[in-house]
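Quick look at protein-v6.txt (compact mmCIF, C-alpha atoms and all ligand atoms):
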# COMPACT_ATOMS: atom_id res chain seq x y z
CA MET A 1 29.90 0.44 4.12
CA GLN A 2 28.17 -0.52 0.83
CA LYS A 3 29.18 1.32 -2.32
CA ARG A 4 26.58 3.79 -3.61
CA ILE A 5 25.74 4.23 -7.29
CA TYR A 6 24.29 7.28 -9.09
CA ASN A 7 20.55 7.40 -8.45
CA PHE A 8 18.60 9.37 -11.08
CA SER A 9 15.22 8.20 -9.80
CA ALA A 10 12.32 10.68 -9.96
CA GLY A 11 11.06 9.68 -6.52
CA PRO A 12 11.60 8.34 -3.99
CA ALA A 13 14.92 9.86 -4.83
CA VAL A 14 18.48 10.46 -3.74
CA LEU A 15 19.04 11.93 -0.27
CA PRO A 16 22.15 13.71 1.02
CA GLU A 17 24.80 11.21 2.12
CA ASP A 18 25.41 13.19 5.31
CA VAL A 19 21.73 12.81 6.19
CA LEU A 20 21.74 9.07 5.55
CA LYS A 21 24.87 8.64 7.65
CA GLU A 22 23.50 10.64 10.54
CA ALA A 23 20.21 8.75 10.44
CA GLN A 24 22.08 5.47 10.33
CA GLU A 25 24.34 6.41 13.20
CA ASN A 26 21.39 7.39 15.38
CA LEU A 27 18.92 4.77 14.24
CA PHE A 28 19.67 2.37 17.07
CA ALA A 29 19.29 5.03 19.73
CA LEU A 30 18.90 8.80 19.49
CA PRO A 31 21.68 10.52 21.45
CA SER A 32 20.74 10.85 25.16
CA VAL A 33 17.31 9.31 24.48
CA GLY A 34 18.25 5.64 24.38
CA MET A 35 15.48 4.76 21.91
CA SER A 36 15.27 4.82 18.14
CA ILE A 37 13.35 7.47 16.22
CA LEU A 38 11.35 4.47 14.98
CA GLU A 39 10.27 3.64 18.51
CA ILE A 40 9.44 6.90 20.26
CA SER A 41 6.01 8.35 20.86
CA HIS A 42 4.90 11.23 18.68
CA ARG A 43 3.63 12.78 21.93
CA SER A 44 7.08 12.70 23.55
CA LYS A 45 9.26 15.72 24.35
CA THR A 46 11.90 14.27 22.03
CA PHE A 47 9.55 14.25 19.08
CA ASP A 48 8.17 17.70 19.93
CA LYS A 49 11.69 19.02 19.59
CA ILE A 50 12.24 17.17 16.29
CA ILE A 51 9.05 18.49 14.67
CA ASP A 52 9.49 22.02 16.05
CA GLU A 53 13.05 22.23 14.78
CA ALA A 54 12.06 20.87 11.37
CA LYS A 55 9.38 23.58 11.10
CA ALA A 56 11.70 26.32 12.33
CA ASP A 57 14.41 25.32 9.85
CA LEU A 58 11.92 25.21 6.98
CA ARG A 59 10.69 28.67 8.02
CA LYS A 60 14.29 29.88 7.92
CA LEU A 61 15.03 28.34 4.52
CA LEU A 62 11.87 29.56 2.80
CA ASP A 63 11.33 32.77 4.83
CA ILE A 64 7.92 31.59 6.00
CA ASN A 65 6.30 34.11 8.37
CA ASP A 66 3.70 33.66 11.09
CA ASN A 67 0.80 34.22 8.70
CA TYR A 68 1.46 30.68 7.54
CA ASP A 69 1.21 27.30 9.20
CA ILE A 70 3.29 24.27 8.23
CA LEU A 71 1.58 20.86 8.29
CA PHE A 72 3.02 17.38 7.81
CA LEU A 73 0.29 15.07 6.56
CA GLN A 74 0.04 11.67 4.92
CA GLY A 75 -1.59 10.33 1.77
CA GLY A 76 1.04 11.83 -0.54
CA ALA A 77 0.67 14.82 -2.79
CA SER A 78 -2.17 12.83 -4.34
CA LEU A 79 -4.39 13.28 -1.28
CA GLN A 80 -3.84 17.02 -1.60
CA PHE A 81 -5.50 16.83 -5.03
CA SER A 82 -8.68 16.15 -2.99
CA MET A 83 -8.01 18.10 0.19
CA VAL A 84 -7.32 21.35 -1.63
CA PRO A 85 -10.73 21.53 -3.35
CA LEU A 86 -12.63 20.01 -0.39
CA ASN A 87 -11.27 22.67 1.96
CA LEU A 88 -10.76 25.69 -0.26
CA MET A 89 -13.38 25.56 -2.99
CA PRO A 90 -16.56 26.24 -1.01
CA PRO A 91 -18.63 28.32 -0.97
CA LYS A 92 -17.87 29.58 -4.49
CA ASN A 93 -17.38 26.03 -5.74
CA LYS A 94 -15.25 27.05 -8.68
CA ALA A 95 -11.51 27.16 -9.19
CA ASP A 96 -8.94 27.75 -11.94
CA TYR A 97 -6.53 24.99 -12.89
CA ILE A 98 -3.48 25.42 -15.10
CA LEU A 99 -2.65 22.15 -16.84
CA THR A 100 1.02 21.54 -17.53
CA GLY A 101 1.30 17.77 -17.17
CA SER A 102 -0.01 14.52 -15.73
CA TRP A 103 0.00 15.68 -12.11
CA SER A 104 -1.98 18.86 -12.75
CA LYS A 105 -4.49 16.79 -14.72
CA LYS A 106 -4.85 14.42 -11.79
CA ALA A 107 -5.37 17.38 -9.48
CA GLN A 108 -8.02 18.76 -11.82
CA LYS A 109 -9.81 15.40 -11.92
CA GLU A 110 -10.36 15.42 -8.16
CA ALA A 111 -11.33 19.11 -8.10
CA LYS A 112 -14.09 18.41 -10.61
CA ARG A 113 -15.72 16.14 -8.04
CA VAL A 114 -16.10 19.15 -5.74
CA GLY A 115 -17.03 22.02 -8.05
CA ILE A 116 -16.54 23.75 -11.36
CA VAL A 117 -13.05 23.73 -12.80
CA ASN A 118 -12.03 26.37 -15.31
CA VAL A 119 -8.95 25.33 -17.26
CA ALA A 120 -7.07 28.62 -17.19
CA ALA A 121 -4.45 27.31 -19.60
CA SER A 122 -3.21 23.98 -20.93
CA THR A 123 -0.21 22.99 -23.00
CA GLU A 124 -1.48 19.46 -23.55
CA SER A 125 -1.83 19.94 -27.33
CA GLU A 126 1.92 20.62 -27.38
CA SER A 127 2.74 17.43 -25.44
CA PHE A 128 3.21 19.51 -22.32
CA ASN A 129 6.60 20.66 -23.59
CA ARG A 130 6.31 24.16 -22.16
CA ILE A 131 4.91 26.38 -19.43
CA PRO A 132 2.26 28.94 -20.46
CA LYS A 133 3.06 32.63 -20.30
CA GLN A 134 1.20 34.92 -17.92
CA SER A 135 -0.55 36.49 -20.93
CA GLU A 136 -2.00 33.10 -21.86
CA LEU A 137 -3.69 32.55 -18.50
CA ASN A 138 -7.44 32.93 -18.67
CA LEU A 139 -8.08 33.59 -14.98
CA ASP A 140 -11.45 34.07 -13.32
CA PRO A 141 -11.18 36.92 -10.77
CA ASP A 142 -13.98 35.27 -8.83
CA ALA A 143 -12.36 31.81 -8.56
CA ALA A 144 -11.83 30.29 -5.10
CA TYR A 145 -8.17 29.71 -5.98
CA VAL A 146 -5.77 29.09 -8.86
CA HIS A 147 -3.92 25.76 -8.89
CA TYR A 148 -0.70 24.99 -10.76
CA THR A 149 2.20 22.53 -10.66
CA SER A 150 5.52 24.34 -10.34
CA ASN A 151 7.66 21.49 -11.68
CA ASN A 152 6.35 18.82 -13.99
CA THR A 153 8.24 15.75 -12.87
CA ILE A 154 7.14 13.60 -15.80
CA TYR A 155 7.52 16.05 -18.71
CA GLY A 156 10.55 17.89 -17.36
CA THR A 157 9.23 21.43 -17.44
CA GLU A 158 9.32 24.00 -14.67
CA TRP A 159 7.74 27.39 -14.05
CA HIS A 160 10.39 30.09 -13.95
CA TYR A 161 7.91 32.66 -12.69
CA GLU A 162 5.03 32.62 -10.26
CA PRO A 163 1.67 33.32 -11.90
CA GLU A 164 0.05 36.62 -10.91
CA THR A 165 -3.47 35.94 -9.68
CA GLY A 166 -4.48 39.23 -8.08
CA ASN A 167 -6.56 38.62 -4.98
CA VAL A 168 -7.26 34.99 -5.82
CA PRO A 169 -5.19 32.64 -3.63
CA LEU A 170 -2.46 30.79 -5.50
CA VAL A 171 -2.17 27.07 -4.76
CA CYS A 172 0.91 25.18 -5.86
CA ASP A 173 1.90 21.53 -6.10
CA ALA A 174 5.64 21.95 -5.54
CA SER A 175 6.36 18.27 -4.94
CA SER A 176 9.34 18.06 -7.23
CA ASP A 177 11.01 21.45 -6.87
CA ILE A 178 10.33 22.47 -3.27
CA LEU A 179 13.56 23.62 -1.57
CA SER A 180 15.43 23.68 -4.89
CA LYS A 181 15.40 27.49 -4.87
CA LYS A 182 14.05 30.49 -2.95
CA ILE A 183 10.42 31.28 -3.57
CA ASN A 184 8.32 34.13 -2.26
CA VAL A 185 5.93 32.21 -0.03
CA ASN A 186 3.89 35.39 0.56
CA LYS A 187 2.57 35.13 -2.98
CA PHE A 188 0.89 31.81 -2.17
CA GLY A 189 -2.27 30.76 -0.38
CA LEU A 190 -1.12 27.16 -0.11
CA ILE A 191 1.89 25.12 -1.20
CA TYR A 192 2.01 21.34 -0.93
CA ALA A 193 4.80 18.90 -1.62
CA GLY A 194 5.28 15.19 -1.17
CA ALA A 195 8.60 14.75 0.59
CA GLN A 196 10.02 11.93 -1.49
CA LYS A 197 11.34 14.00 -4.40
CA ASN A 198 13.49 16.67 -2.80
CA MET A 199 12.93 16.63 0.95
CA GLY A 200 12.89 13.21 2.55
CA PRO A 201 11.35 9.74 2.34
CA SER A 202 7.88 8.89 1.08
CA GLY A 203 5.00 8.89 3.54
CA VAL A 204 4.90 12.56 4.46
CA THR A 205 3.61 15.64 2.65
CA MET A 206 4.40 19.19 3.68
CA ILE A 207 1.64 21.78 3.42
CA ILE A 208 2.31 25.49 3.86
CA ILE A 209 -1.03 27.22 4.30
CA ARG A 210 -1.93 30.87 4.84
CA LYS A 211 -3.76 30.87 8.15
CA ASP A 212 -6.74 32.93 7.00
CA LEU A 213 -7.60 30.16 4.53
CA LEU A 214 -8.14 27.73 7.41
CA ALA A 215 -11.47 29.48 7.98
CA ARG A 216 -12.69 27.93 4.73
CA SER A 217 -12.45 24.37 6.10
CA SER A 218 -16.03 23.39 6.86
CA ASP A 219 -16.94 21.48 10.04
CA SER A 220 -18.87 19.08 7.85
CA LEU A 221 -15.63 17.74 6.34
CA HIS A 222 -14.30 14.38 7.46
CA THR A 223 -11.87 15.04 10.29
CA MET A 224 -8.80 13.65 8.58
CA LEU A 225 -9.51 15.71 5.45
CA ASN A 226 -9.80 19.00 7.33
CA TYR A 227 -6.82 21.39 7.28
CA LYS A 228 -8.17 23.32 10.26
CA ILE A 229 -8.20 20.21 12.45
CA HIS A 230 -4.66 19.27 11.41
CA SER A 231 -3.51 22.81 12.08
CA GLU A 232 -5.19 22.98 15.51
CA ASN A 233 -3.52 19.69 16.41
CA GLY A 234 -0.04 20.57 15.18
CA SER A 235 -0.15 17.81 12.53
CA MET A 236 -0.73 15.32 15.34
CA TYR A 237 -4.45 14.69 15.24
CA ASN A 238 -3.34 11.14 14.48
CA THR A 239 0.11 9.56 14.43
CA PRO A 240 2.21 11.41 11.88
CA SER A 241 5.10 9.96 9.87
CA THR A 242 7.60 10.43 12.70
CA PHE A 243 10.54 9.04 10.76
CA GLY A 244 9.66 11.08 7.66
CA ILE A 245 9.49 14.30 9.64
CA TYR A 246 12.80 13.45 11.33
CA ILE A 247 14.51 13.02 7.94
CA ILE A 248 12.96 16.25 6.58
CA GLY A 249 14.46 17.96 9.63
CA LEU A 250 17.90 16.54 8.88
CA VAL A 251 17.61 17.58 5.22
CA ALA A 252 16.66 21.13 6.28
CA LYS A 253 19.70 21.31 8.56
CA TRP A 254 21.89 19.99 5.73
CA LEU A 255 20.56 22.75 3.44
CA ILE A 256 21.19 25.46 6.03
CA LYS A 257 24.70 24.15 6.68
CA ASN A 258 25.45 24.17 2.97
CA GLY A 259 24.49 27.80 2.39
CA GLY A 260 20.70 27.75 2.05
CA LEU A 261 18.49 27.85 -1.00
CA ASP A 262 20.30 30.48 -3.07
CA THR A 263 23.44 28.36 -2.98
CA MET A 264 21.38 25.27 -3.71
CA TYR A 265 19.77 26.97 -6.70
CA LYS A 266 23.16 27.98 -8.08
CA THR A 267 24.39 24.38 -7.88
CA ASN A 268 21.14 23.03 -9.34
CA LYS A 269 21.46 25.43 -12.27
CA GLU A 270 25.07 24.40 -12.89
CA LYS A 271 24.15 20.72 -12.81
CA ALA A 272 21.22 21.11 -15.21
CA ASP A 273 23.27 23.31 -17.57
CA VAL A 274 25.92 20.58 -17.91
CA LEU A 275 23.30 18.06 -19.02
CA TYR A 276 21.30 20.38 -21.28
CA LYS A 277 24.53 21.50 -22.95
CA CYS A 278 25.32 17.86 -23.76
CA ILE A 279 21.83 17.44 -25.25
CA ASP A 280 22.04 20.69 -27.25
CA GLU A 281 25.49 19.90 -28.64
CA SER A 282 24.57 16.36 -29.67
CA LYS A 283 23.29 17.47 -33.10
CA ASP A 284 19.88 15.92 -32.37
CA PHE A 285 21.27 12.54 -31.28
CA TYR A 286 19.65 13.47 -27.97
CA LYS A 287 16.42 15.45 -28.28
CA GLY A 288 15.22 17.36 -25.23
CA HIS A 289 11.48 17.25 -24.60
CA ALA A 290 11.01 20.64 -22.92
CA LEU A 291 11.34 23.89 -24.86
CA PRO A 292 14.45 25.75 -23.67
CA ASP A 293 12.62 28.49 -21.72
CA SER A 294 10.53 25.92 -19.85
CA ARG A 295 13.26 23.47 -18.92
CA SER A 296 13.24 21.91 -15.48
CA LEU A 297 16.36 22.03 -13.34
CA MET A 298 15.15 18.92 -11.51
CA ASN A 299 13.98 16.44 -14.16
CA ILE A 300 15.72 16.43 -17.53
CA THR A 301 13.74 14.56 -20.18
CA PHE A 302 15.06 13.55 -23.58
CA ARG A 303 14.66 11.00 -26.34
CA LEU A 304 16.84 9.19 -28.82
CA ALA A 305 16.00 8.38 -32.45
CA THR A 306 14.45 4.98 -31.71
CA GLU A 307 13.09 3.12 -28.71
CA ASP A 308 15.65 0.38 -29.31
CA LEU A 309 18.45 2.88 -28.95
CA GLU A 310 16.85 4.22 -25.77
CA LYS A 311 16.66 0.71 -24.34
CA LYS A 312 20.28 0.10 -25.25
CA LEU A 313 21.38 3.28 -23.54
CA ILE A 314 19.37 2.50 -20.41
CA SER A 315 20.76 -1.01 -20.12
CA GLU A 316 24.37 0.10 -20.69
CA ALA A 317 23.93 3.02 -18.31
CA THR A 318 22.50 0.74 -15.62
CA ALA A 319 25.45 -1.61 -16.01
CA ALA A 320 27.80 1.37 -15.66
CA GLY A 321 26.20 2.45 -12.36
CA PHE A 322 23.67 5.08 -13.52
CA ASP A 323 20.30 3.98 -12.17
CA GLY A 324 16.77 5.28 -12.78
CA LEU A 325 17.17 6.90 -16.21
CA LYS A 326 14.07 5.35 -17.76
CA GLY A 327 11.40 7.96 -18.50
CA HIS A 328 7.96 7.77 -16.89
CA ARG A 329 5.83 4.99 -18.40
CA SER A 330 3.33 7.54 -19.72
CA VAL A 331 5.84 9.39 -21.93
CA GLY A 332 8.77 7.02 -22.51
CA GLY A 333 12.24 8.21 -23.39
CA LEU A 334 14.77 9.06 -20.73
CA ARG A 335 14.67 11.17 -17.63
CA ALA A 336 17.51 12.19 -15.39
CA SER A 337 16.22 13.48 -12.05
CA ILE A 338 18.91 15.54 -10.40
CA TYR A 339 17.43 16.87 -7.19
CA ASN A 340 19.31 18.85 -4.52
CA ALA A 341 21.14 15.83 -3.15
CA PHE A 342 22.31 14.56 -6.52
CA PRO A 343 26.06 15.20 -6.83
CA LYS A 344 27.44 17.39 -9.62
CA LYS A 345 30.09 14.75 -10.30
CA GLY A 346 27.29 12.30 -11.15
CA VAL A 347 25.94 14.65 -13.84
CA GLU A 348 29.43 15.15 -15.27
CA ASP A 349 30.02 11.39 -15.33
CA LEU A 350 26.65 10.85 -17.05
CA VAL A 351 27.61 13.38 -19.73
CA LEU A 352 30.89 11.54 -20.37
CA PHE A 353 28.91 8.32 -20.66
CA MET A 354 26.37 9.93 -23.04
CA LYS A 355 29.11 11.35 -25.28
CA ASP A 356 30.80 7.99 -25.45
CA PHE A 357 27.47 6.29 -26.22
CA GLN A 358 26.80 8.78 -28.99
CA SER A 359 30.19 8.26 -30.61
CA LYS A 360 29.70 4.47 -30.60
CA ASN A 361 26.12 4.58 -31.89
CA SER A 362 25.94 7.29 -34.54
C1 LIG A 401 5.28 12.63 -7.43
C2 LIG A 401 4.35 13.74 -7.62
C3 LIG A 401 3.02 13.69 -7.15
C4 LIG A 401 2.43 12.46 -6.49
O1 LIG A 401 2.99 12.25 -5.26
P1 LIG A 401 2.48 11.07 -4.29
O2 LIG A 401 3.22 11.39 -3.04
O3 LIG A 401 2.89 9.79 -4.92
O4 LIG A 401 1.02 11.19 -4.15
C5 LIG A 401 2.22 14.80 -7.32
N1 LIG A 401 2.68 15.91 -7.92
C6 LIG A 401 3.94 15.99 -8.39
C7 LIG A 401 4.40 17.25 -9.05
C8 LIG A 401 4.81 14.91 -8.25
O5 LIG A 401 6.06 15.01 -8.72
As a first step, turn the structure in this file into structure tokens.
Amino acid sequence: MQKRIYNFSAGPAVLPEDVLKEAQENLFALPSVGMSILEISHRSKTFDKIIDEAKADLRKLLDINDNYDILFLQGGASLQFSMVPLNLMPPKNKADYILTGSWSKKAQKEAKRVGIVNVAASTESESFNRIPKQSELNLDPDAAYVHYTSNNTIYGTEWHYEPETGNVPLVCDASSDILSKKINVNKFGLIYAGAQKNMGPSGVTMIIIRKDLLARSSDSLHTMLNYKIHSENGSMYNTPSTFGIYIIGLVAKWLIKNGGLDTMYKTNKEKADVLYKCIDESKDFYKGHALPDSRSLMNITFRLATEDLEKKLISEATAAGFDGLKGHRSVGGLRASIYNAFPKKGVEDLVLFMKDFQSKNS
């Protein structure tokens, strides 16, 4: 088998080795089926079992009760930027958006095409280096919903609380921290997450939607943009991402086998602490972007004194087997994405590399 290197990519991102091995082993023919997951009909008994088990395991992991439906759609998290307002904004035609980074701004942009957007809070003037406090949220009690991004993949900040929105449904883009910890799903109207950060391959987006909100989806919507239609058809109005859903199912089983989300959170916290400690103890050689109380456990963003030094680090790190450390093109610097499947040893090895780099370059 090929040697694997450390993959710090923000997404598509590292997957559990056990999952990759199982998928590889069964790719030629699923046990007792005699056909590959890439070849079977989405209307087959085999696939019914795969999608049902994936949903059941996700329900187990996140404690999702029967008031909620789970959908697997396509078009990425980006299509949800449109589907959320198209389905949930009418008839009030106004919603609150909390801006904490590039993705929430993109969500807001699409929502504005549908109705009135009230920016309930924004940390843009502070380079999105923190998450607003509850007391800073200027919420409209009459809004159709409140939208926020729980983890800001590009800036490296993460909400460490869920905003209180009273009776207004809370909508969350959880693309880059879904399944990294337990959340109380009952506090949400809708959660969406592209799979390719922490759950599976690209090409499939999970939506957890409170069933009463399905009544908001108007019959006048285009069929493929209508949550109610997707729900009534069990995410199979059209051909879903069969392979993507299969991998999500394997990842869910891997999480359950490894102790569930509380265990995962503990490991994620340990991994992030190792890296933030290195940054904090570097006497400003490495400068973290996020303020300490807003730091993401998934995406750790930092800068060096000059862009040349950043380039040097990235090229030496790549040569040493640490891939994907370049920050997002919109903010520069460095970013280490250390999702669930990223091994703790990889973070420890990166820290050794960073300390060595510092001693040679300061
Ligand atoms: C990656 C990402 C997106 C965009 O996902 P696509 O699947 O490429 O549309 C949206 N929101 C967040 C928080 C992300 O990390």
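With distances restricted to only C-alpha atoms and all ligand atoms, A:Thr149 is the closest residue to ligand LIG 401 (chain A) from A:Ser127, A:Ser36, A:Ser9, A:Thr149.
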Just give me the gap between atom CA of A:Leu304 and atom CA of A:Ala341 in Å, one decimal is fine.
-> 26.9 Å
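Every protein, DNA or RNA residue with an atom at most 9 Å from A:Asn87, where all atoms listed in the file count and chain neighbours fewer than 2 positions away do not, is listed here: Ser82, Met83, Val84, Pro85, Met89, Pro90, Leu213, Leu214, Arg216, Ser217, Ser218, Leu221, Leu225, Asn226, Tyr227 and Lys228 of chain A.
A straight line drawn from atom CA of A:Glu136 to atom CA of A:Ala120 is 8.2 Å long.
Counting all atoms listed in the file, the residue from A:Pro201, A:Gly166, A:Gly115, A:Pro91 that sits nearest to ligand LIG 401 (chain A) is A:Pro201.
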Using all atoms listed in the file, tabulate the residues of chain A lying at most 10 Å from any atom of ligand LIG 401 (chain A), each with its closest atom pair and that distance in Å to one decimal, by chain and increasing residue number, as JSON lines.
{"residue": "A:Ala10", "atom": "CA", "partner": "A:LIG401", "partner_atom": "O5", "distance": 7.7}
{"residue": "A:Gly11", "atom": "CA", "partner": "A:LIG401", "partner_atom": "C1", "distance": 6.6}
{"residue": "A:Pro12", "atom": "CA", "partner": "A:LIG401", "partner_atom": "C1", "distance": 8.4}
{"residue": "A:Gln74", "atom": "CA", "partner": "A:LIG401", "partner_atom": "O2", "distance": 8.6}
{"residue": "A:Gly75", "atom": "CA", "partner": "A:LIG401", "partner_atom": "O4", "distance": 6.5}
{"residue": "A:Gly76", "atom": "CA", "partner": "A:LIG401", "partner_atom": "O2", "distance": 3.3}
{"residue": "A:Ala77", "atom": "CA", "partner": "A:LIG401", "partner_atom": "O4", "distance": 3.9}
{"residue": "A:Ser78", "atom": "CA", "partner": "A:LIG401", "partner_atom": "O4", "distance": 3.6}
{"residue": "A:Leu79", "atom": "CA", "partner": "A:LIG401", "partner_atom": "O4", "distance": 6.5}
{"residue": "A:Gln80", "atom": "CA", "partner": "A:LIG401", "partner_atom": "O4", "distance": 8.0}
{"residue": "A:Phe81", "atom": "CA", "partner": "A:LIG401", "partner_atom": "C5", "distance": 8.3}
{"residue": "A:Gly101", "atom": "CA", "partner": "A:LIG401", "partner_atom": "C7", "distance": 8.7}
{"residue": "A:Ser102", "atom": "CA", "partner": "A:LIG401", "partner_atom": "N1", "distance": 8.4}
{"residue": "A:Trp103", "atom": "CA", "partner": "A:LIG401", "partner_atom": "N1", "distance": 5.0}
{"residue": "A:Ser104", "atom": "CA", "partner": "A:LIG401", "partner_atom": "N1", "distance": 7.3}
{"residue": "A:Lys105", "atom": "CA", "partner": "A:LIG401", "partner_atom": "N1", "distance": 9.9}
{"residue": "A:Lys106", "atom": "CA", "partner": "A:LIG401", "partner_atom": "C5", "distance": 8.4}
{"residue": "A:Ala107", "atom": "CA", "partner": "A:LIG401", "partner_atom": "C5", "distance": 8.3}
{"residue": "A:Tyr148", "atom": "CA", "partner": "A:LIG401", "partner_atom": "C7", "distance": 9.4}
{"residue": "A:Thr149", "atom": "CA", "partner": "A:LIG401", "partner_atom": "C7", "distance": 5.9}
{"residue": "A:Ser150", "atom": "CA", "partner": "A:LIG401", "partner_atom": "C7", "distance": 7.3}
{"residue": "A:Asn151", "atom": "CA", "partner": "A:LIG401", "partner_atom": "C7", "distance": 6.0}
{"residue": "A:Asn152", "atom": "CA", "partner": "A:LIG401", "partner_atom": "C7", "distance": 5.5}
{"residue": "A:Thr153", "atom": "CA", "partner": "A:LIG401", "partner_atom": "O5", "distance": 4.7}
{"residue": "A:Ile154", "atom": "CA", "partner": "A:LIG401", "partner_atom": "O5", "distance": 7.3}
{"residue": "A:Cys172", "atom": "CA", "partner": "A:LIG401", "partner_atom": "C7", "distance": 9.2}
{"residue": "A:Asp173", "atom": "CA", "partner": "A:LIG401", "partner_atom": "C7", "distance": 5.8}
{"residue": "A:Ala174", "atom": "CA", "partner": "A:LIG401", "partner_atom": "C7", "distance": 6.0}
{"residue": "A:Ser175", "atom": "CA", "partner": "A:LIG401", "partner_atom": "C7", "distance": 4.7}
{"residue": "A:Ser176", "atom": "CA", "partner": "A:LIG401", "partner_atom": "O5", "distance": 4.7}
{"residue": "A:Asp177", "atom": "CA", "partner": "A:LIG401", "partner_atom": "C7", "distance": 8.1}
{"residue": "A:Ile178", "atom": "CA", "partner": "A:LIG401", "partner_atom": "C7", "distance": 9.8}
{"residue": "A:Tyr192", "atom": "CA", "partner": "A:LIG401", "partner_atom": "N1", "distance": 8.9}
{"residue": "A:Ala193", "atom": "CA", "partner": "A:LIG401", "partner_atom": "N1", "distance": 7.3}
{"residue": "A:Gly194", "atom": "CA", "partner": "A:LIG401", "partner_atom": "O2", "distance": 4.7}
{"residue": "A:Ala195", "atom": "CA", "partner": "A:LIG401", "partner_atom": "O2", "distance": 7.3}
{"residue": "A:Gln196", "atom": "CA", "partner": "A:LIG401", "partner_atom": "O2", "distance": 7.0}
{"residue": "A:Lys197", "atom": "CA", "partner": "A:LIG401", "partner_atom": "O5", "distance": 6.9}
{"residue": "A:Asn198", "atom": "CA", "partner": "A:LIG401", "partner_atom": "O5", "distance": 9.6}
{"residue": "A:Pro201", "atom": "CA", "partner": "A:LIG401", "partner_atom": "O2", "distance": 9.9}
{"residue": "A:Ser202", "atom": "CA", "partner": "A:LIG401", "partner_atom": "O2", "distance": 6.7}
{"residue": "A:Gly203", "atom": "CA", "partner": "A:LIG401", "partner_atom": "O2", "distance": 7.3}
{"residue": "A:Val204", "atom": "CA", "partner": "A:LIG401", "partner_atom": "O2", "distance": 7.8}
{"residue": "A:Thr205", "atom": "CA", "partner": "A:LIG401", "partner_atom": "O2", "distance": 7.1}
{"residue": "A:Asn299", "atom": "CA", "partner": "A:LIG401", "partner_atom": "O5", "distance": 9.7}
Restricting it to C-alpha atoms, dump the selection as a short mmCIF file (atom, residue, chain, number, x, y, z; two decimals), in the coordinates of the input.
data_model
loop_
_atom_site.label_atom_id
_atom_site.label_comp_id
_atom_site.auth_asym_id
_atom_site.auth_seq_id
_atom_site.Cartn_x
_atom_site.Cartn_y
_atom_site.Cartn_z
CA ALA A 10 12.32 10.68 -9.96
CA GLY A 11 11.06 9.68 -6.52
CA PRO A 12 11.60 8.34 -3.99
CA GLN A 74 0.04 11.67 4.92
CA GLY A 75 -1.59 10.33 1.77
CA GLY A 76 1.04 11.83 -0.54
CA ALA A 77 0.67 14.82 -2.79
CA SER A 78 -2.17 12.83 -4.34
CA LEU A 79 -4.39 13.28 -1.28
CA GLN A 80 -3.84 17.02 -1.60
CA PHE A 81 -5.50 16.83 -5.03
CA GLY A 101 1.30 17.77 -17.17
CA SER A 102 -0.01 14.52 -15.73
CA TRP A 103 0.00 15.68 -12.11
CA SER A 104 -1.98 18.86 -12.75
CA LYS A 105 -4.49 16.79 -14.72
CA LYS A 106 -4.85 14.42 -11.79
CA ALA A 107 -5.37 17.38 -9.48
CA TYR A 148 -0.70 24.99 -10.76
CA THR A 149 2.20 22.53 -10.66
CA SER A 150 5.52 24.34 -10.34
CA ASN A 151 7.66 21.49 -11.68
CA ASN A 152 6.35 18.82 -13.99
CA THR A 153 8.24 15.75 -12.87
CA ILE A 154 7.14 13.60 -15.80
CA CYS A 172 0.91 25.18 -5.86
CA ASP A 173 1.90 21.53 -6.10
CA ALA A 174 5.64 21.95 -5.54
CA SER A 175 6.36 18.27 -4.94
CA SER A 176 9.34 18.06 -7.23
CA ASP A 177 11.01 21.45 -6.87
CA ILE A 178 10.33 22.47 -3.27
CA TYR A 192 2.01 21.34 -0.93
CA ALA A 193 4.80 18.90 -1.62
CA GLY A 194 5.28 15.19 -1.17
CA ALA A 195 8.60 14.75 0.59
CA GLN A 196 10.02 11.93 -1.49
CA LYS A 197 11.34 14.00 -4.40
CA ASN A 198 13.49 16.67 -2.80
CA PRO A 201 11.35 9.74 2.34
CA SER A 202 7.88 8.89 1.08
CA GLY A 203 5.00 8.89 3.54
CA VAL A 204 4.90 12.56 4.46
CA THR A 205 3.61 15.64 2.65
CA ASN A 299 13.98 16.44 -14.16
#
Exercise: stretch 23-31 of chain A partners within 10 Å, only C-alpha atoms, chain neighbours under 5 positions left out, as a ChimeraX atom specification = /A:17-18,36-40,46,243,246-247,250
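Atom CA of A:Leu261 to atom CA of A:Leu179 spans 6.5 Å [interatomic distance, one decimal].
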Per residue of stretch 4-55 of chain A within 12 Å of stretch 66-72 of chain A, record the nearest atom pair and its distance in Å to one decimal, counting all atoms listed in the file, with rows in chain order and ascending residue number, as a tab-separated table.
residue	atom	partner	partner_atom	distance
A:Ile51	CA	A:Phe72	CA	9.2
A:Asp52	CA	A:Ile70	CA	10.2
A:Glu53	CA	A:Ile70	CA	11.9
A:Ala54	CA	A:Ile70	CA	9.9
A:Lys55	CA	A:Ile70	CA	6.8
Residues within 8 Å of A:Asn93, all atoms listed in the file, excluding chain neighbours under 6 positions, as JSON, numbers by chain | {"A": [114, 115, 116, 144]}
Excluding A:Asn361 and residues on its chain fewer than 2 positions from it, collect all residues at most 10 Å away from it, counting only C-alpha atoms, and give them as number ranges by chain.
-> A: 285, 309, 312-313, 355-359
Within 7 Å of A:Ile248, counting all atoms listed in the file, which residues qualify if same-chain residues fewer than 3 places away don't, as a list in words?
->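 Those residues are Ala54, Met199, Gly200, Gly244, Ile245, Val251 and Ala252 of chain A.
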So for stretch 268-276 of chain A, what box centre and size do we get, axis-aligned, 8 Å extra on each of the six sides, every listed atom, Å to one decimal, as AutoDock Vina command-line options?
--center_x 23.5 --center_y 21.7 --center_z -15.3 --size_x 20.8 --size_y 23.4 --size_z 27.9
